[in-house]
Amino acid sequence: MKLGRVRNIVVVAGAGISTGSGIPDFRTPGTGLYANLAKYDIPYPEAIFNIDYFSDNPHPFFSLAKELYPGHHRPNYVHYFIRMLHQKGLLLRMYTQNIDGLEKLCGIPDDKLVEAHGSFATAACHLCYTPYPAEEAKQAIMKGNVPICTFCAGAVKPNVVFFGEDLPEKYFQHAEDFPKADLLMIMGTSLKIEPFASLVNTVKSTVPRLLLNRDPVGPFERRPLRRADYMELGDLSDSVRKLAEILGWHTEIQDLMNSHENGLRSYTDPSNSSGTAASKQEFQPPQNSNKCLWSATKNPNILLLRCV
Ligand code: OAD
């Protein structure tokens with residue numbers, strides 16, 4: 001990267017990039033989401049994201065969704081590192097399995113991002129796929145109600161991809177992206193879920209693959225490693241920071257993170273992903289206010305700010 005030989009980085013990410021933001025991953029024993037679902041009384045952990053199980057009983061997912069809906073967490077240093085790859089003109093695409101919306105929130109533009117397992121930003125009927133207003137679905141779910149499709153009366157769900165469902169159209173862009181990659185960065189994923197996991201095997205064999213994760217996963221579990229494979233094991237924030245320091249980007253990332261986070265303040269409406277962050281960044285809150293809260297209005301160009 002320092003020699004300018006890398007120009008098309010593909011990032012493949014999973015829940016481990018968001019643990020630094022306080023969101024548990026799925027499979028870490030003890031702390032992972034799948035180890036903490038006892039209260040939902042489901043037959044096996046993954047059932048909560050299984051479309052046939054949802055069809056039978058949507059309530060466990062909807063209870064969990066109240067906690068999963070984006071809005072309570074902020075992007076961390078790892079997200080801003082990836083945004084910096086974009087700002088430096090090096091990011092070909094980021095493929096994320098995450099549904100927390102933190103990639104968008106940190107400013108990675110839509111055209112650089114593939115949310116392979118969907119997001120909460122839109123909603124539709126799980127039976128006939130008729131779109132449903134995402135905000136209305138969220139409000140119903142938050143009140144403990146099941147949003148109902150106006151066309152077929154099926155349960156509506158946010159467009160997060162469940163086991164048994166197709167991946168979004170955009171995911172298939174991988175067929176063009178991965179052969180073009182000149183560096184693959186794999187971050188914070190167990191590479192356990194197909195078809196996503198196999199994407200990492202679709203870069204040319206000479207292309208360096210860098211794994212930043214707590215433990216070896218996928219092809220990095222085999223010995224010997226492929227010649228162009230490298231891994232840095234440990235906490236992702238530490239590894240990414242180390243890499244940023246090697247590249248001489250650390251201060252720039254911190255400045256970007258501070259200015260973006262201050263600009264966004266307590267902005268809590270991730271369903272509005274229309275890129276209003278730029279104008280919010282220009283806002284200076286009143287000097288004597290210690291908490292400001294953004295909220296959306298019916299006019300997508302107007303955000304309301306309350307400061308106390
Ligand atoms: P997992 O929970 O399976 O894997 C997260 C990986 O990140 C593990 O290898 C952790 O060790 C590692 N990790 C966590 N925190 C870390 C940290 N701070 N530093 C370094 N490594 C860390 O999550 P995913 O691979 O994202 O699918 O899971 C893939 C899919 O399985 C999810 O998208 C979801 C789930 O079922 C659906 O819901 C369809």
# chains A, B, ... in the order shown; residues from 1 in each chain; ligands from 1

$ residues_near_ligand --ligand "ligand 1" --cutoff "6 Å" --atoms "only C-alpha atoms and all ligand atoms" --output "ChimeraX atom specification"
/A:14-16,19-20,25-28,49,97-98,117,161-163,188-191,193,213-215,234-236

$ residues_around --residues "Met231 in chain A" --least-positions-apart "2" --cutoff "10 Å" --atoms "only C-alpha atoms" --output "PDB file with N, CA, C and O atoms, in the first residue's frame"
ATOM      1  N   MET A 185      -8.956  -7.574   2.258  1.00  0.00           N
ATOM      2  CA  MET A 185      -8.830  -7.443   3.717  1.00  0.00           C
ATOM      3  C   MET A 185     -10.054  -8.096   4.357  1.00  0.00           C
ATOM      4  O   MET A 185     -11.185  -7.697   4.069  1.00  0.00           O
ATOM      5  N   ILE A 186      -9.809  -9.083   5.195  1.00  0.00           N
ATOM      6  CA  ILE A 186     -10.911  -9.825   5.842  1.00  0.00           C
ATOM      7  C   ILE A 186     -10.898  -9.447   7.326  1.00  0.00           C
ATOM      8  O   ILE A 186      -9.873  -9.600   7.997  1.00  0.00           O
ATOM      9  N   ARG A 209      -4.116 -11.765   0.696  1.00  0.00           N
ATOM     10  CA  ARG A 209      -5.310 -11.759   1.540  1.00  0.00           C
ATOM     11  C   ARG A 209      -4.828 -11.511   2.971  1.00  0.00           C
ATOM     12  O   ARG A 209      -4.001 -12.265   3.485  1.00  0.00           O
ATOM     13  N   LEU A 210      -5.339 -10.457   3.578  1.00  0.00           N
ATOM     14  CA  LEU A 210      -4.935 -10.113   4.936  1.00  0.00           C
ATOM     15  C   LEU A 210      -6.099 -10.361   5.874  1.00  0.00           C
ATOM     16  O   LEU A 210      -7.167  -9.762   5.716  1.00  0.00           O
ATOM     17  N   LEU A 211      -5.900 -11.248   6.834  1.00  0.00           N
ATOM     18  CA  LEU A 211      -6.952 -11.511   7.831  1.00  0.00           C
ATOM     19  C   LEU A 211      -6.631 -10.755   9.114  1.00  0.00           C
ATOM     20  O   LEU A 211      -5.550 -10.913   9.684  1.00  0.00           O
ATOM     21  N   LEU A 212      -7.570  -9.904   9.539  1.00  0.00           N
ATOM     22  CA  LEU A 212      -7.451  -9.237  10.835  1.00  0.00           C
ATOM     23  C   LEU A 212      -8.601  -9.765  11.685  1.00  0.00           C
ATOM     24  O   LEU A 212      -9.760  -9.456  11.428  1.00  0.00           O
ATOM     25  N   ASN A 213      -8.280 -10.603  12.655  1.00  0.00           N
ATOM     26  CA  ASN A 213      -9.326 -11.271  13.431  1.00  0.00           C
ATOM     27  C   ASN A 213      -8.727 -11.784  14.735  1.00  0.00           C
ATOM     28  O   ASN A 213      -7.506 -11.850  14.885  1.00  0.00           O
ATOM     29  N   ARG A 214      -9.615 -12.159  15.654  1.00  0.00           N
ATOM     30  CA  ARG A 214      -9.112 -12.692  16.916  1.00  0.00           C
ATOM     31  C   ARG A 214      -8.492 -14.074  16.711  1.00  0.00           C
ATOM     32  O   ARG A 214      -7.496 -14.421  17.310  1.00  0.00           O
ATOM     33  N   ASP A 215      -9.095 -14.851  15.803  1.00  0.00           N
ATOM     34  CA  ASP A 215      -8.576 -16.201  15.568  1.00  0.00           C
ATOM     35  C   ASP A 215      -8.574 -16.518  14.076  1.00  0.00           C
ATOM     36  O   ASP A 215      -9.278 -15.876  13.304  1.00  0.00           O
ATOM     37  N   PRO A 216      -7.777 -17.549  13.694  1.00  0.00           N
ATOM     38  CA  PRO A 216      -7.752 -17.900  12.267  1.00  0.00           C
ATOM     39  C   PRO A 216      -9.103 -18.458  11.839  1.00  0.00           C
ATOM     40  O   PRO A 216      -9.725 -19.203  12.600  1.00  0.00           O
ATOM     41  N   VAL A 217      -9.553 -18.093  10.667  1.00  0.00           N
ATOM     42  CA  VAL A 217     -10.857 -18.571  10.176  1.00  0.00           C
ATOM     43  C   VAL A 217     -10.747 -18.959   8.699  1.00  0.00           C
ATOM     44  O   VAL A 217      -9.809 -18.552   8.009  1.00  0.00           O
ATOM     45  N   PHE A 220      -7.637 -19.630   6.461  1.00  0.00           N
ATOM     46  CA  PHE A 220      -6.498 -19.315   7.336  1.00  0.00           C
ATOM     47  C   PHE A 220      -6.344 -20.343   8.453  1.00  0.00           C
ATOM     48  O   PHE A 220      -5.417 -20.270   9.244  1.00  0.00           O
ATOM     49  N   LEU A 225      -0.134 -21.761   5.133  1.00  0.00           N
ATOM     50  CA  LEU A 225      -0.956 -20.717   4.533  1.00  0.00           C
ATOM     51  C   LEU A 225      -0.578 -20.555   3.071  1.00  0.00           C
ATOM     52  O   LEU A 225       0.566 -20.833   2.679  1.00  0.00           O
ATOM     53  N   ASP A 229      -1.074 -15.174   1.717  1.00  0.00           N
ATOM     54  CA  ASP A 229      -1.962 -14.955   2.862  1.00  0.00           C
ATOM     55  C   ASP A 229      -1.190 -14.471   4.087  1.00  0.00           C
ATOM     56  O   ASP A 229      -0.107 -14.988   4.391  1.00  0.00           O
ATOM     57  N   LEU A 233      -3.413 -11.647  14.278  1.00  0.00           N
ATOM     58  CA  LEU A 233      -4.443 -12.091  15.217  1.00  0.00           C
ATOM     59  C   LEU A 233      -4.446 -11.223  16.473  1.00  0.00           C
ATOM     60  O   LEU A 233      -3.400 -10.740  16.892  1.00  0.00           O
ATOM     61  N   GLY A 234      -5.618 -11.005  17.014  1.00  0.00           N
ATOM     62  CA  GLY A 234      -5.737 -10.184  18.224  1.00  0.00           C
ATOM     63  C   GLY A 234      -6.936  -9.284  18.091  1.00  0.00           C
ATOM     64  O   GLY A 234      -7.783  -9.476  17.208  1.00  0.00           O
ATOM     65  N   SER A 239      -5.134  -4.092  15.910  1.00  0.00           N
ATOM     66  CA  SER A 239      -4.486  -4.445  14.643  1.00  0.00           C
ATOM     67  C   SER A 239      -4.685  -3.352  13.607  1.00  0.00           C
ATOM     68  O   SER A 239      -3.757  -2.995  12.868  1.00  0.00           O
TER      69      SER A 239
END

$ select_by_dssp --residues "range 62-145 of chain A" --states "helix (DSSP H, G or I)" --output "NGL selection string"
:A and (62-68 or 77-87 or 102-105 or 110-112 or 134-142)

$ residues_around --residues "Gly4 in chain A" --least-positions-apart "5" --cutoff "12 Å" --atoms "only C-alpha atoms" --output "PyMOL selection string"
chain A and resi 9+88-90+182-183+247

$ residues_around --residues "Lys143 in chain A" --least-positions-apart "5" --cutoff "12 Å" --atoms "only C-alpha atoms" --output "PDB file with N, CA, C and O atoms, in the first residue's frame"
ATOM      1  N   PHE A  62     -38.971 -10.377  16.398  1.00  0.00           N
ATOM      2  CA  PHE A  62     -39.393  -9.000  16.643  1.00  0.00           C
ATOM      3  C   PHE A  62     -38.943  -8.510  18.022  1.00  0.00           C
ATOM      4  O   PHE A  62     -38.603  -7.341  18.183  1.00  0.00           O
ATOM      5  N   SER A  63     -38.942  -9.403  19.012  1.00  0.00           N
ATOM      6  CA  SER A  63     -38.434  -8.981  20.335  1.00  0.00           C
ATOM      7  C   SER A  63     -36.962  -8.609  20.230  1.00  0.00           C
ATOM      8  O   SER A  63     -36.523  -7.589  20.756  1.00  0.00           O
ATOM      9  N   ALA A  65     -35.416  -7.749  17.526  1.00  0.00           N
ATOM     10  CA  ALA A  65     -35.242  -6.614  16.610  1.00  0.00           C
ATOM     11  C   ALA A  65     -35.287  -5.279  17.354  1.00  0.00           C
ATOM     12  O   ALA A  65     -34.606  -4.330  16.980  1.00  0.00           O
ATOM     13  N   LYS A  66     -36.067  -5.230  18.431  1.00  0.00           N
ATOM     14  CA  LYS A  66     -36.123  -3.986  19.212  1.00  0.00           C
ATOM     15  C   LYS A  66     -34.723  -3.584  19.667  1.00  0.00           C
ATOM     16  O   LYS A  66     -34.406  -2.415  19.744  1.00  0.00           O
ATOM     17  N   GLU A 136     -42.815   2.788   9.484  1.00  0.00           N
ATOM     18  CA  GLU A 136     -44.051   2.236  10.066  1.00  0.00           C
ATOM     19  C   GLU A 136     -43.801   0.844  10.643  1.00  0.00           C
ATOM     20  O   GLU A 136     -44.325   0.494  11.703  1.00  0.00           O
ATOM     21  N   ALA A 137     -43.020   0.049   9.902  1.00  0.00           N
ATOM     22  CA  ALA A 137     -42.696  -1.296  10.405  1.00  0.00           C
ATOM     23  C   ALA A 137     -41.958  -1.183  11.732  1.00  0.00           C
ATOM     24  O   ALA A 137     -42.266  -1.882  12.699  1.00  0.00           O
ATOM     25  N   LYS A 138     -41.008  -0.259  11.781  1.00  0.00           N
ATOM     26  CA  LYS A 138     -40.220  -0.079  13.017  1.00  0.00           C
ATOM     27  C   LYS A 138     -41.125   0.323  14.176  1.00  0.00           C
ATOM     28  O   LYS A 138     -41.026  -0.233  15.278  1.00  0.00           O
TER      29      LYS A 138
END

$ residues_around --residues "range 68-79 of chain A" --least-positions-apart "6" --cutoff "8 Å" --atoms "only C-alpha atoms" --output "ChimeraX atom specification"
/A:17-18,20-23,100-103,105-106,120,236-237,240-241,253-254,257,267-270
